Amino acid sequence: MAEHIYVPDEWKRIEPESLKGTIMVIGQTDSGKTTFARYLFQELCRHHQRVAFLDCDVGQSTLGLPTTMTMALSAPGDSTFPPKGETFSYFVGSTSPRGH
């Protein structure tokens with residue numbers, strides 16, 4: 001993906017080999033969160049054996065169906081997106097906080 005998008009210098013300064021644990025990407029609407037998360041996922045896959053991508057945007061899902069949270073694991077040695085490893089989904093049932 002990094003070959004097909006503009007990657008800001010701020011993103012290039014991140015050292016994925018030093019990142020471990022949970023990383024949460026948050027920001028304003030239309031600020032590039034999904035693009036950054038995908039870029040970061042691919043960079044992390046180049047430095048770590050297994051990486052998980054958890055999509056919690058139940059209204060505009062990247063991985064799963066609307067109204068679900070979906071986690072996908074990278075396949076060992078593969079940095080493609082969407083991940084080709086195991087996938088798990090959880091049905092939330094609504095795309096708005098009011099629905100809960």
# chains A, B, ... in the order shown; residues from 1 in each chain; ligands from 1

$ residues_around --residues "region 80-87 of chain A" --least-positions-apart "6" --cutoff "10 Å" --atoms "only C-alpha atoms" --output "ChimeraX atom specification"
/A:1,38-39,41-42,45,50-54,62-64,70-74

$ write_last_selection --atoms "C-alpha atoms" --output "tab-separated table (two decimals), in the first residue's frame"
chain	number	residue	atom	x	y	z
A	1	MET	CA	0.00	0.00	0.00
A	38	ARG	CA	-3.22	0.25	7.06
A	39	TYR	CA	0.21	1.77	6.45
A	41	PHE	CA	-0.08	-2.50	9.84
A	42	GLN	CA	2.05	-3.20	6.77
A	45	CYS	CA	4.30	-6.86	9.56
A	50	ARG	CA	2.28	-11.71	13.88
A	51	VAL	CA	0.27	-8.51	13.76
A	52	ALA	CA	-3.46	-8.10	14.40
A	53	PHE	CA	-5.71	-5.40	12.91
A	54	LEU	CA	-8.86	-4.68	14.93
A	62	THR	CA	-12.70	-1.85	6.68
A	63	LEU	CA	-12.59	-5.60	7.40
A	64	GLY	CA	-16.01	-6.89	8.36
A	70	THR	CA	-13.56	-7.51	13.23
A	71	MET	CA	-10.03	-8.58	14.06
A	72	ALA	CA	-7.78	-10.13	11.43
A	73	LEU	CA	-4.34	-11.62	12.02
A	74	SER	CA	-1.48	-11.38	9.59

$ select_by_dssp --residues "region 14-85 of chain A" --states "strand (DSSP E or B)" --output "MDAnalysis selection string"
chainID A and resid 52:55 68:73

$ write_last_selection --atoms "C-alpha atoms" --output "short mmCIF file (atom, residue, chain, number, x, y, z; two decimals), in the first residue's frame"
data_model
loop_
_atom_site.label_atom_id
_atom_site.label_comp_id
_atom_site.auth_asym_id
_atom_site.auth_seq_id
_atom_site.Cartn_x
_atom_site.Cartn_y
_atom_site.Cartn_z
CA ALA A 52 -3.46 -8.10 14.40
CA PHE A 53 -5.71 -5.40 12.91
CA LEU A 54 -8.86 -4.68 14.93
CA ASP A 55 -11.52 -2.70 13.05
CA THR A 68 -19.49 -5.76 13.59
CA MET A 69 -16.04 -5.34 15.10
CA THR A 70 -13.56 -7.51 13.23
CA MET A 71 -10.03 -8.58 14.06
CA ALA A 72 -7.78 -10.13 11.43
CA LEU A 73 -4.34 -11.62 12.02
#

$ atom_distance --atom1 "CA of Gly27 (chain A)" --atom2 "CA of Trp11 (chain A)"
14.8 Å

$ select_by_dssp --residues "chain A" --states "alpha helix (DSSP H)" --output "VMD selection string"
chain A and resid 9 to 12 33 to 45

$ write_last_selection --atoms "C-alpha atoms" --output "PDB file, in the first residue's frame"
ATOM      1  CA  ASP A   9       7.370  12.402   6.520  1.00  0.00           C
ATOM      2  CA  GLU A  10       5.781  12.148   9.995  1.00  0.00           C
ATOM      3  CA  TRP A  11       4.712   8.575   9.215  1.00  0.00           C
ATOM      4  CA  LYS A  12       8.168   7.646   7.911  1.00  0.00           C
ATOM      5  CA  LYS A  33      -7.039   7.229  10.236  1.00  0.00           C
ATOM      6  CA  THR A  34      -7.773   4.173   8.091  1.00  0.00           C
ATOM      7  CA  THR A  35      -4.982   4.979   5.634  1.00  0.00           C
ATOM      8  CA  PHE A  36      -2.520   5.473   8.484  1.00  0.00           C
ATOM      9  CA  ALA A  37      -3.676   2.286  10.247  1.00  0.00           C
ATOM     10  CA  ARG A  38      -3.220   0.251   7.060  1.00  0.00           C
ATOM     11  CA  TYR A  39       0.212   1.773   6.450  1.00  0.00           C
ATOM     12  CA  LEU A  40       1.241   1.077  10.049  1.00  0.00           C
ATOM     13  CA  PHE A  41      -0.081  -2.502   9.842  1.00  0.00           C
ATOM     14  CA  GLN A  42       2.055  -3.202   6.772  1.00  0.00           C
ATOM     15  CA  GLU A  43       5.139  -1.641   8.334  1.00  0.00           C
ATOM     16  CA  LEU A  44       4.641  -3.626  11.559  1.00  0.00           C
ATOM     17  CA  CYS A  45       4.300  -6.857   9.562  1.00  0.00           C
TER      18      CYS A  45
END

$ atom_distance --atom1 "CA of Gln49 (chain A)" --atom2 "CA of Tyr6 (chain A)"
26.0 Å

$ atom_distance --atom1 "CA of Thr67 (chain A)" --atom2 "CA of Tyr90 (chain A)"
8.6 Å

$ closest_residue --among "A:Gly93, A:His48, A:Pro66, A:Thr29" --to "Ser79 (chain A)" --atoms "only C-alpha atoms"
A:His48

$ closest_residue --among "A:His4, A:His47, A:Lys20, A:Arg13" --to "Gly77 (chain A)" --atoms "only C-alpha atoms"
A:His47
